[in-house]
Each structure stands twice: as structure tokens, then as C-alpha cells.
$ cat my_file_35.tsv   # TSV, C-alpha atoms and all ligand atoms
chain	number	residue	atom	x	y	z
A	1	MET	CA	8.14	-23.98	5.67
A	2	LYS	CA	6.52	-20.88	4.09
A	3	LYS	CA	6.03	-20.91	0.33
A	4	VAL	CA	6.63	-17.83	-1.81
A	5	LEU	CA	5.89	-17.02	-5.44
A	6	VAL	CA	8.41	-14.61	-7.00
A	7	ALA	CA	6.95	-12.87	-10.07
A	8	GLY	CA	9.70	-10.96	-11.86
A	9	ALA	CA	12.29	-13.64	-11.05
A	10	THR	CA	14.19	-13.15	-14.31
A	11	GLY	CA	14.69	-9.42	-13.69
A	12	TYR	CA	17.33	-7.40	-11.85
A	13	LEU	CA	15.56	-7.13	-8.49
A	14	GLY	CA	13.67	-10.43	-8.78
A	15	LYS	CA	16.86	-12.51	-9.00
A	16	PHE	CA	18.26	-11.05	-5.78
A	17	VAL	CA	14.85	-11.57	-4.15
A	18	VAL	CA	14.76	-15.26	-5.17
A	19	ARG	CA	18.22	-15.78	-3.67
A	20	GLU	CA	17.31	-13.94	-0.45
A	21	PHE	CA	14.03	-15.83	0.09
A	22	LYS	CA	15.90	-19.11	-0.32
A	23	LYS	CA	18.64	-17.94	2.06
A	24	GLN	CA	15.94	-17.16	4.63
A	25	GLY	CA	14.52	-20.71	4.39
A	26	PHE	CA	11.47	-20.22	2.11
A	27	TRP	CA	10.25	-22.69	-0.53
A	28	VAL	CA	10.42	-20.71	-3.80
A	29	ARG	CA	8.27	-20.87	-6.94
A	30	ALA	CA	9.48	-18.52	-9.71
A	31	LEU	CA	7.41	-17.17	-12.60
A	32	ALA	CA	9.36	-16.91	-15.85
A	33	ARG	CA	8.53	-16.37	-19.51
A	34	ASN	CA	12.00	-17.46	-20.50
A	35	PRO	CA	13.39	-19.87	-17.87
A	36	ARG	CA	16.84	-19.85	-19.50
A	37	LYS	CA	17.37	-16.39	-17.98
A	38	LEU	CA	17.35	-18.07	-14.55
A	39	GLU	CA	20.48	-20.03	-15.50
A	40	LYS	CA	22.68	-17.02	-16.23
A	41	VAL	CA	24.25	-14.13	-14.36
A	42	GLY	CA	22.32	-11.08	-15.54
A	43	PRO	CA	23.65	-8.06	-17.44
A	44	PHE	CA	23.82	-6.00	-14.22
A	45	LEU	CA	25.55	-8.82	-12.27
A	46	GLU	CA	22.34	-10.12	-10.75
A	47	PRO	CA	22.93	-13.74	-9.72
A	48	ARG	CA	22.23	-17.00	-11.50
A	49	VAL	CA	19.23	-18.28	-9.53
A	50	LYS	CA	18.21	-21.64	-10.94
A	51	ASP	CA	19.63	-23.51	-7.93
A	52	TYR	CA	17.66	-21.38	-5.45
A	53	ILE	CA	14.30	-22.24	-7.06
A	54	ASP	CA	12.12	-25.18	-6.01
A	55	GLU	CA	9.66	-24.89	-8.90
A	56	ILE	CA	9.62	-22.88	-12.12
A	57	PHE	CA	6.21	-21.76	-13.37
A	58	ILE	CA	6.13	-20.71	-17.01
A	59	GLY	CA	3.60	-18.00	-17.75
A	60	GLU	CA	2.88	-14.63	-19.32
A	61	ILE	CA	1.38	-12.22	-16.81
A	62	THR	CA	-0.89	-10.57	-19.39
A	63	LYS	CA	-2.50	-13.93	-20.27
A	64	PRO	CA	-4.47	-15.21	-17.25
A	65	GLU	CA	-5.02	-18.57	-18.98
A	66	THR	CA	-1.25	-19.22	-18.63
A	67	LEU	CA	-1.34	-18.50	-14.88
A	68	ARG	CA	-3.75	-21.23	-13.71
A	69	GLY	CA	-2.44	-22.80	-10.48
A	70	ILE	CA	0.33	-20.24	-10.06
A	71	CYS	CA	-0.64	-19.47	-6.44
A	72	LYS	CA	-1.53	-23.03	-5.39
A	73	ASP	CA	-0.31	-23.58	-1.78
A	74	ILE	CA	1.49	-20.22	-1.80
A	75	ASP	CA	1.66	-18.10	1.39
A	76	ILE	CA	3.41	-14.99	0.05
A	77	VAL	CA	3.32	-13.43	-3.43
A	78	PHE	CA	6.12	-11.03	-4.35
A	79	SER	CA	5.88	-9.07	-7.61
A	80	SER	CA	8.45	-6.81	-9.25
A	81	ILE	CA	6.86	-7.42	-12.65
A	82	GLY	CA	6.86	-4.40	-14.88
A	83	ILE	CA	8.25	-2.94	-18.07
A	84	THR	CA	11.76	-1.49	-17.92
A	85	ARG	CA	13.81	-2.40	-21.00
A	86	GLN	CA	11.45	-5.03	-22.51
A	87	LYS	CA	11.10	-4.64	-26.27
A	88	ASP	CA	7.77	-6.45	-26.73
A	89	LYS	CA	4.67	-4.58	-27.87
A	90	LEU	CA	2.99	-4.59	-24.45
A	91	THR	CA	2.21	-1.29	-22.69
A	92	PHE	CA	2.67	-0.20	-19.06
A	93	ARG	CA	-1.11	-0.52	-18.71
A	94	ASP	CA	-1.01	-4.13	-20.01
A	95	VAL	CA	1.82	-5.27	-17.73
A	96	ASP	CA	2.36	-2.98	-14.72
A	97	TYR	CA	-1.37	-2.58	-14.05
A	98	GLN	CA	-3.38	-5.37	-15.70
A	99	GLY	CA	-0.69	-8.08	-15.47
A	100	ASN	CA	-0.23	-7.50	-11.75
A	101	LYS	CA	-4.04	-7.31	-11.36
A	102	ASN	CA	-4.36	-10.72	-13.05
A	103	LEU	CA	-1.92	-12.09	-10.48
A	104	LEU	CA	-3.70	-10.36	-7.60
A	105	ASP	CA	-7.07	-11.87	-8.63
A	106	ILE	CA	-5.53	-15.35	-8.54
A	107	ALA	CA	-3.81	-14.60	-5.21
A	108	ILE	CA	-7.19	-13.60	-3.71
A	109	ASP	CA	-8.90	-16.75	-5.06
A	110	SER	CA	-6.06	-18.87	-3.66
A	111	SER	CA	-6.27	-17.16	-0.22
A	112	VAL	CA	-2.59	-16.25	-0.09
A	113	ASP	CA	-1.53	-14.60	3.14
A	114	LYS	CA	0.33	-11.55	1.83
A	115	PHE	CA	1.19	-9.67	-1.41
A	116	ILE	CA	4.46	-7.69	-1.61
A	117	PHE	CA	4.68	-5.23	-4.49
A	118	ILE	CA	7.42	-2.95	-5.80
A	119	SER	CA	6.37	0.52	-6.82
A	120	ILE	CA	8.51	3.64	-6.73
A	121	PHE	CA	9.66	6.25	-4.20
A	122	ASN	CA	7.85	9.62	-4.39
A	123	ALA	CA	5.28	8.19	-6.81
A	124	GLN	CA	2.96	11.15	-6.17
A	125	ILE	CA	5.41	13.46	-8.04
A	126	TYR	CA	5.48	11.21	-11.09
A	127	GLN	CA	1.81	10.26	-11.50
A	128	TYR	CA	1.71	12.02	-14.91
A	129	LEU	CA	4.05	9.30	-16.27
A	130	SER	CA	2.04	6.38	-17.58
A	131	GLY	CA	4.41	3.75	-16.11
A	132	VAL	CA	4.08	5.22	-12.62
A	133	LYS	CA	0.33	5.75	-12.99
A	134	ALA	CA	-0.14	2.12	-14.03
A	135	ARG	CA	1.78	0.90	-10.95
A	136	GLU	CA	-0.05	3.23	-8.58
A	137	ASP	CA	-3.42	2.23	-10.04
A	138	PHE	CA	-2.41	-1.34	-9.19
A	139	VAL	CA	-1.40	-0.20	-5.68
A	140	ARG	CA	-4.98	1.08	-5.23
A	141	GLU	CA	-6.35	-2.35	-6.28
A	142	LEU	CA	-4.00	-4.06	-3.84
A	143	LYS	CA	-5.04	-1.78	-0.96
A	144	LYS	CA	-8.71	-2.63	-1.44
A	145	SER	CA	-8.11	-6.35	-2.08
A	146	GLY	CA	-8.51	-7.43	1.54
A	147	LEU	CA	-5.12	-9.19	1.44
A	148	LYS	CA	-2.30	-8.20	3.78
A	149	TYR	CA	0.20	-6.24	1.73
A	150	THR	CA	3.48	-4.32	1.73
A	151	ILE	CA	4.27	-1.77	-0.97
A	152	ILE	CA	8.00	-1.16	-1.27
A	153	ARG	CA	9.03	2.17	-2.73
A	154	PRO	CA	12.69	2.18	-3.82
A	155	THR	CA	14.78	4.99	-5.29
A	156	GLY	CA	16.89	4.18	-8.41
A	157	TYR	CA	18.59	0.79	-8.71
A	158	PHE	CA	22.32	0.23	-9.22
A	159	SER	CA	21.34	-1.43	-12.54
A	160	ASP	CA	20.21	1.97	-13.84
A	161	MET	CA	23.39	3.63	-12.54
A	162	SER	CA	25.36	1.35	-14.90
A	163	GLU	CA	24.26	3.65	-17.73
A	164	PHE	CA	26.56	6.41	-16.37
A	165	LEU	CA	29.50	3.98	-16.49
A	166	ASN	CA	28.56	3.00	-20.05
A	167	MET	CA	28.48	6.64	-21.15
A	168	ALA	CA	31.79	7.35	-19.39
A	169	ARG	CA	33.37	4.39	-21.21
A	170	ARG	CA	32.14	5.88	-24.49
A	171	GLY	CA	33.92	9.12	-23.48
A	172	ARG	CA	31.21	11.53	-22.29
A	173	VAL	CA	28.37	11.53	-19.77
A	174	TYR	CA	25.23	13.48	-20.68
A	175	LEU	CA	23.16	14.84	-17.80
A	176	ILE	CA	19.62	16.14	-18.07
A	177	GLY	CA	19.71	19.59	-16.46
A	178	LYS	CA	22.68	20.58	-14.31
A	179	GLY	CA	22.88	17.25	-12.47
A	180	GLU	CA	22.55	18.91	-9.07
A	181	ASN	CA	19.56	16.84	-7.89
A	182	ARG	CA	20.47	14.15	-5.41
A	183	MET	CA	19.48	10.57	-4.75
A	184	ASN	CA	20.58	7.44	-2.89
A	185	PRO	CA	20.58	4.51	-5.33
A	186	ILE	CA	20.19	0.98	-3.96
A	187	HIS	CA	21.83	-2.34	-4.89
A	188	GLY	CA	19.47	-5.24	-5.72
A	189	ALA	CA	20.91	-7.36	-2.88
A	190	ASP	CA	20.24	-4.63	-0.29
A	191	LEU	CA	16.71	-4.06	-1.59
A	192	ALA	CA	16.05	-7.83	-1.63
A	193	GLU	CA	16.74	-7.94	2.12
A	194	VAL	CA	14.10	-5.23	2.63
A	195	CYS	CA	11.63	-7.17	0.43
A	196	VAL	CA	12.11	-10.48	2.24
A	197	LYS	CA	11.88	-8.87	5.67
A	198	ALA	CA	8.52	-7.42	4.56
A	199	ALA	CA	7.17	-10.98	4.45
A	200	SER	CA	7.35	-11.20	8.23
A	201	ILE	CA	6.51	-7.69	9.45
A	202	ASP	CA	3.24	-5.72	9.50
A	203	LYS	CA	4.23	-2.66	7.54
A	204	GLU	CA	2.05	-1.51	4.62
A	205	GLU	CA	4.59	0.80	2.94
A	206	ILE	CA	8.39	0.93	3.05
A	207	ASN	CA	10.50	3.64	1.37
A	208	ALA	CA	14.02	2.40	0.65
A	209	GLY	CA	17.27	3.81	-0.72
A	210	GLY	CA	20.92	2.86	-0.50
A	211	PRO	CA	23.59	3.98	2.01
A	212	GLU	CA	25.19	6.80	-0.06
A	213	ILE	CA	23.71	10.06	-1.34
A	214	PHE	CA	25.02	11.49	-4.62
A	215	SER	CA	24.14	14.27	-7.02
A	216	TYR	CA	23.86	13.00	-10.61
A	217	ARG	CA	27.01	14.97	-11.43
A	218	GLU	CA	28.85	13.13	-8.62
A	219	ILE	CA	27.70	9.80	-10.07
A	220	ALA	CA	29.09	10.81	-13.46
A	221	GLU	CA	32.39	11.87	-11.83
A	222	LEU	CA	32.57	8.57	-9.92
A	223	ALA	CA	32.19	6.64	-13.18
A	224	PHE	CA	35.15	8.53	-14.72
A	225	HIS	CA	37.18	8.11	-11.51
A	226	VAL	CA	36.74	4.31	-11.64
A	227	LEU	CA	37.79	4.33	-15.30
A	228	GLU	CA	40.77	6.56	-14.41
A	229	LYS	CA	39.65	9.06	-17.05
A	230	LYS	CA	39.29	12.85	-16.92
A	231	PRO	CA	35.55	13.66	-16.49
A	232	ARG	CA	33.78	14.90	-19.64
A	233	ILE	CA	30.27	15.86	-18.70
A	234	THR	CA	27.68	17.71	-20.78
A	235	SER	CA	24.46	19.14	-19.35
A	236	ILE	CA	21.50	19.12	-21.72
A	237	PRO	CA	18.84	21.71	-20.90
A	238	GLN	CA	15.55	20.13	-19.87
A	239	GLY	CA	13.66	22.18	-22.50
A	240	LEU	CA	15.70	20.51	-25.26
A	241	ILE	CA	14.98	17.05	-23.83
A	242	ASN	CA	11.26	17.85	-23.77
A	243	ILE	CA	11.39	18.65	-27.51
A	244	LEU	CA	13.23	15.35	-28.08
A	245	ILE	CA	10.66	13.41	-26.02
A	246	ASN	CA	7.81	14.86	-28.13
A	247	ALA	CA	9.64	13.97	-31.35
A	248	ILE	CA	10.30	10.37	-30.19
A	249	ARG	CA	6.68	10.01	-29.07
A	250	VAL	CA	5.54	10.29	-32.72
A	251	PHE	CA	7.36	7.04	-33.55
A	252	ASN	CA	7.65	5.14	-30.27
A	253	THR	CA	5.48	6.02	-27.27
A	254	LYS	CA	7.19	3.56	-24.91
A	255	ASN	CA	10.71	4.94	-25.57
A	256	ALA	CA	9.41	8.49	-25.16
A	257	GLU	CA	7.89	7.52	-21.81
A	258	ILE	CA	11.14	5.89	-20.65
A	259	LEU	CA	13.13	9.06	-21.52
A	260	GLU	CA	10.42	11.14	-19.82
A	261	PHE	CA	10.85	8.98	-16.71
A	262	PHE	CA	14.64	9.49	-16.62
A	263	THR	CA	14.18	13.23	-17.15
A	264	ALA	CA	11.77	13.38	-14.22
A	265	ALA	CA	14.11	11.28	-12.06
A	266	MET	CA	17.19	13.42	-12.85
A	267	THR	CA	15.42	16.69	-12.17
A	268	ASN	CA	13.99	15.80	-8.75
A	269	ASP	CA	15.67	14.81	-5.49
A	270	SER	CA	15.02	11.22	-4.46
A	271	ILE	CA	16.42	10.49	-1.01
A	272	ALA	CA	14.73	7.66	0.88
A	273	PRO	CA	15.55	6.05	4.26
A	274	THR	CA	18.84	4.19	3.90
A	275	TYR	CA	19.34	0.42	3.84
A	276	GLY	CA	22.20	-1.90	3.03
A	277	ASN	CA	25.96	-1.83	2.70
A	278	HIS	CA	26.68	-1.96	-1.04
A	279	PHE	CA	28.61	1.00	-2.44
A	280	LEU	CA	28.40	2.34	-5.97
A	281	LYS	CA	32.18	2.56	-6.51
A	282	ASP	CA	32.54	-1.17	-5.74
A	283	TYR	CA	29.67	-1.95	-8.12
A	284	TYR	CA	31.28	0.05	-10.95
A	285	GLU	CA	34.56	-1.80	-10.35
A	286	GLU	CA	32.77	-5.16	-10.46
A	287	LEU	CA	31.02	-4.21	-13.72
A	288	LEU	CA	34.34	-3.17	-15.20
A	289	ASN	CA	36.09	-6.37	-14.13
A	290	ALA	CA	33.21	-8.47	-15.50
A	291	SER	CA	33.32	-6.74	-18.87
A	292	ASN	CA	37.14	-7.00	-19.04
A	293	MET	CA	36.83	-10.73	-18.29
A	294	SER	CA	34.26	-11.23	-21.03
A	295	MET	CA	36.53	-9.39	-23.50
A	296	HIS	CA	39.30	-11.87	-22.67
A	297	TYR	CA	37.05	-14.96	-22.46
A	298	PRO	CA	34.17	-14.46	-24.92
A	301	LIG	N1	14.98	0.44	-12.13
A	301	LIG	C1	14.79	1.28	-11.13
A	301	LIG	O1	15.63	2.12	-10.84
A	301	LIG	C2	13.51	1.22	-10.36
A	301	LIG	C3	13.33	2.08	-9.31
A	301	LIG	C4	12.16	1.99	-8.56
A	301	LIG	C5	11.21	1.05	-8.88
A	301	LIG	N2	11.42	0.21	-9.93
A	301	LIG	C6	10.38	-0.80	-10.21
A	301	LIG	O2	10.91	-2.08	-9.98
A	301	LIG	C7	10.39	-3.00	-10.95
A	301	LIG	C8	11.43	-4.08	-11.21
A	301	LIG	O3	12.62	-3.49	-11.71
A	301	LIG	P1	13.74	-4.41	-12.37
A	301	LIG	O4	14.90	-3.51	-12.65
A	301	LIG	O5	13.93	-5.65	-11.58
A	301	LIG	O6	13.03	-4.76	-13.76
A	301	LIG	P2	13.43	-5.90	-14.82
A	301	LIG	O7	14.84	-6.31	-14.63
A	301	LIG	O8	13.01	-5.43	-16.16
A	301	LIG	O9	12.47	-7.11	-14.38
A	301	LIG	C9	11.12	-7.08	-14.68
A	301	LIG	C10	10.55	-8.47	-14.54
A	301	LIG	O10	9.18	-8.45	-15.01
A	301	LIG	C11	9.04	-9.50	-15.96
A	301	LIG	N3	8.01	-9.21	-16.96
A	301	LIG	C12	7.88	-8.08	-17.70
A	301	LIG	N4	6.83	-8.21	-18.53
A	301	LIG	C13	6.30	-9.46	-18.30
A	301	LIG	C14	5.21	-10.19	-18.83
A	301	LIG	N5	4.46	-9.65	-19.79
A	301	LIG	N6	4.92	-11.45	-18.36
A	301	LIG	C15	5.73	-11.99	-17.39
A	301	LIG	N7	6.80	-11.35	-16.85
A	301	LIG	C16	7.07	-10.09	-17.31
A	301	LIG	C17	10.38	-9.60	-16.62
A	301	LIG	O11	10.45	-10.81	-17.33
A	301	LIG	P3	11.39	-10.94	-18.66
A	301	LIG	O12	12.76	-11.16	-18.09
A	301	LIG	O13	10.84	-12.12	-19.36
A	301	LIG	O14	11.25	-9.65	-19.43
A	301	LIG	C18	11.29	-9.50	-15.40
A	301	LIG	O15	11.32	-10.73	-14.73
A	301	LIG	C19	10.12	-2.15	-12.19
A	301	LIG	O16	8.94	-2.56	-12.83
A	301	LIG	C20	9.98	-0.73	-11.67
A	301	LIG	O17	8.64	-0.28	-11.72
A	301	LIG	C21	12.54	0.27	-10.66

$ encode --input "my_file_35.tsv" --output "C-alpha cells"
Amino acid sequence: MKKVLVAGATGYLGKFVVREFKKQGFWVRALARNPRKLEKVGPFLEPRVKDYIDEIFIGEITKPETLRGICKDIDIVFSSIGITRQKDKLTFRDVDYQGNKNLLDIAIDSSVDKFIFISIFNAQIYQYLSGVKAREDFVRELKKSGLKYTIIRPTGYFSDMSEFLNMARRGRVYLIGKGENRMNPIHGADLAEVCVKAASIDKEEINAGGPEIFSYREIAELAFHVLEKKPRITSIPQGLINILINAIRVFNTKNAEILEFFTAAMTNDSIAPTYGNHFLKDYYEELLNASNMSMHYP
């Protein structure tokens, strides 16, 4: 039986990946800083995964001394580790680049067979963003490591699309620019199938998006449709957002960079080869049902 290490197992994609590796018959070790997150369904409906894990390894990716033995007897390393909504003081450089590099160094020493890493679709357009640069600098390290590797490059995740539903519930969706750019977002379960398949095929890079293509305006309209509300959508000119980003940067660089990332995403097309069979309308309905349930059963 092949053994896999899943780094990022407490996150949106990582939880689906843990479940899929187990389903496909792998022995699974999961890296977690806070193992209690493995026991709960996540905020974006990612599954509870504790029962799919053979061994939990507690560690902090930026502290190599906490990672000793993490790759012992491991055949495949999967990493989706990176900063998305984390509120700690670490930077993209610390985590997305150096943290993954710490793991790669151990994987090389432990002679693992393959390293699977999640970066981003169309990264070349976004290299000026420090989060993307950090991940792509790691990609360069991985390519010269001598290990077999697959770099998976997804479009936006369904977890990020939940923000449109949240805004619609509050009464108005704000778009950056006119909202005419298009993308095909992907569900974590569909992307997990692509990730796990990568363990057994010789492909160095895979671009992946979901089965439906939307403009950002259509995503906003879909959110209102599911809520059975009349759409209220406001376009904010990109120039205004740029002023806001510069103002935020004075106080909080990481938040400015996250807004900069969403601005870049919403003002470029992002349509990758399609995978999977999860649809955004169904996901919005599931999110709505889950939040109605938790209002009734706190
Ligand atoms: N969201 C998108 O639309 C999108 C699109 C394309 C590519 N991506 C890439 O996909 C990656 C995964 O996305 P996601 O939505 O699954 O992210 P996520 O839910 O935030 O998961 C990130 C994982 O990394 C872990 N992590 C972060 N800092 C760590 C540290 N210092 N030490 C140990 N673990 C740490 C997190 O652990 P904790 O739970 O302890 O924080 C979590 O398990 C992202 O990094 C991003 O670059 C995302």
C-alpha cells in the first residue's frame, strides 16, 4: 500500500484530498497545526476527515525542527500549504515559499518518490503579486529538486465563490470592474480527484477548472437567484480599488495583497481545462441549507 503525506490537510482543498487518497486505497499521514480542525466539517462544507487519516503529524511548516520524521516511509508528498485567510503574522514568503521548501528538503532526504504541489492557473500573469511569486519561486525549487513532481494549477475554488453568496445575503454584491471577465471555478472534491490521479501518472503540470464557465456578474446573479432575491450589483472601478489597496497597505500588507489578488483575478479571464461534475448552484444551495440548519440548531 502506497503511503502519502498530506500537508494542508486542515484546509479547504486538503480535506477533500485526504478523503480522496483514502478512498483510492492509500495510507494517509496528515500534517496539522491544530488537529481539532480535522474533526469538524469546514466552513466551506469541506468534510470531517479524522476517520480517513492513519496518522496525524503535528507540526508548523515554518519551523523545520517540528517536522523531523514527517516523510519517514512516505512515497508521495502532497502540499496545498499556503496563506489564504490565516491571521497569523507569517508572510507568503515564510509559508508559501520557505515552508514548502522546508518540506521539500525533508522529502529529498527521505527519498520520497513524488511531490505534488498546488500553485495557480495562469501564474505568469500574476507574478507581481507576492503570494503568487512565493509559490512560483517554490515551483522552481521543486523542478530542480530531482524528485518526480506534478504542479497542479487550478482556477478559483468554490470556497472563494461563497463570498458572492455572503454579499448577496447582506443585500448587495460588489464587483471589481464590470464583472465581464470569465472563469470556471472548481469544487474541492473535483480538484481532489485531479490531485490524487496525479500520484499515478507522469504529468509535470496540470491546469484544472470546473465544468461551468461564468462571468463574475453571472456568479453574482446566480447567488441572488438561489436566495430568490432581486439582484443588486455594484461595479467598483478598478482605479478606486487600487487607491484602496494602497491605503490598506500602509496598515496591513497581507490584507492589501489579498485584495490585490482578488482584483487581479476579477479583471482577467481564467478558463482552464474542465474537470468534475459539481455545479455552483448546487453548492450555493448546500451552503444555504447548512447555514439555515445552524441557525435552527446552534
Ligand atoms: N482559493 C483559491 O481559489 C485558489 C485558487 C488556486 C490556487 N490556490 C492555492 O491553493 C492553496 C490551498 O488553498 P485552500 O483554499 O485549501 O487554503 P486553506 O483552506 O487556507 O488551507 C491552507 C492549508 O495550509 C495550512 N497552513 C498555512 N500556514 C501553515 C503553517 N505555517 N504551518 C502549517 N500549515 C499551514 C493551513 O493550516 P491551518 O488550518 O492551521 O491554517 C491549511 O491546512 C492556496 O495556498 C492557494 O495558493 C487557491

$ atom_distance --input "my_file_35.tsv" --atom1 "atom C1 of ligand LIG 301 (chain A)" --atom2 "atom CA of A:Ala9"
15.1 Å

$ axis_aligned_box --input "my_file_35.tsv" --around "stretch 129-139 of chain A" --padding-each-side "5 Å" --output "AutoDock Vina command-line options"
--center_x 0.5 --center_y 4.0 --center_z -11.6 --size_x 17.8 --size_y 20.6 --size_z 21.9

$ residues_near_ligand --input "my_file_35.tsv" --ligand "ligand LIG 301 (chain A)" --cutoff "6 Å" --atoms "all atoms listed in the file" --output "ChimeraX atom specification"
/A:8-14,33-34,60-62,80-86,95,118-120,154-157,160

$ closest_residue --input "my_file_35.tsv" --among "A:Gly59, A:Gly69, A:Pro231, A:Gly99" --to "A:Arg172" --atoms "only C-alpha atoms"
A:Pro231

$ closest_residue --input "my_file_35.tsv" --among "A:Asn242, A:Thr66, A:Gln24, A:Asn207" --to "A:Tyr52" --atoms "all atoms listed in the file"
A:Gln24

$ atom_distance --input "my_file_35.tsv" --atom1 "atom CA of A:Lys87" --atom2 "atom CA of A:Phe262"
17.5 Å

$ closest_residue --input "my_file_35.tsv" --among "A:Pro185, A:Pro64, A:Gly179, A:Pro211" --to "A:Ile236" --atoms "only C-alpha atoms"
A:Gly179

$ residues_around --input "my_file_35.tsv" --residues "A:Phe164" --least-positions-apart "6" --cutoff "8 Å" --atoms "all atoms listed in the file" --output "JSON, numbers by chain"
{"A": [173, 219, 220, 223]}

$ atom_distance --input "my_file_35.tsv" --atom1 "atom CA of A:Leu227" --atom2 "atom CA of A:His278"
19.1 Å

$ residues_around --input "my_file_35.tsv" --residues "A:Val41" --least-positions-apart "2" --cutoff "12 Å" --atoms "only C-alpha atoms" --output "PyMOL selection string"
chain A and resi 10-12+15-16+36-39+43-50+290

$ residues_around --input "my_file_35.tsv" --residues "A:Lys63" --least-positions-apart "4" --cutoff "12 Å" --atoms "only C-alpha atoms" --output "ChimeraX atom specification"
/A:33,58-59,67-68,90,94-95,98-103

$ residues_around --input "my_file_35.tsv" --residues "stretch 252-256 of chain A" --least-positions-apart "3" --cutoff "12 Å" --atoms "only C-alpha atoms" --output "PyMOL selection string"
chain A and resi 83-93+129-131+241-249+259-263
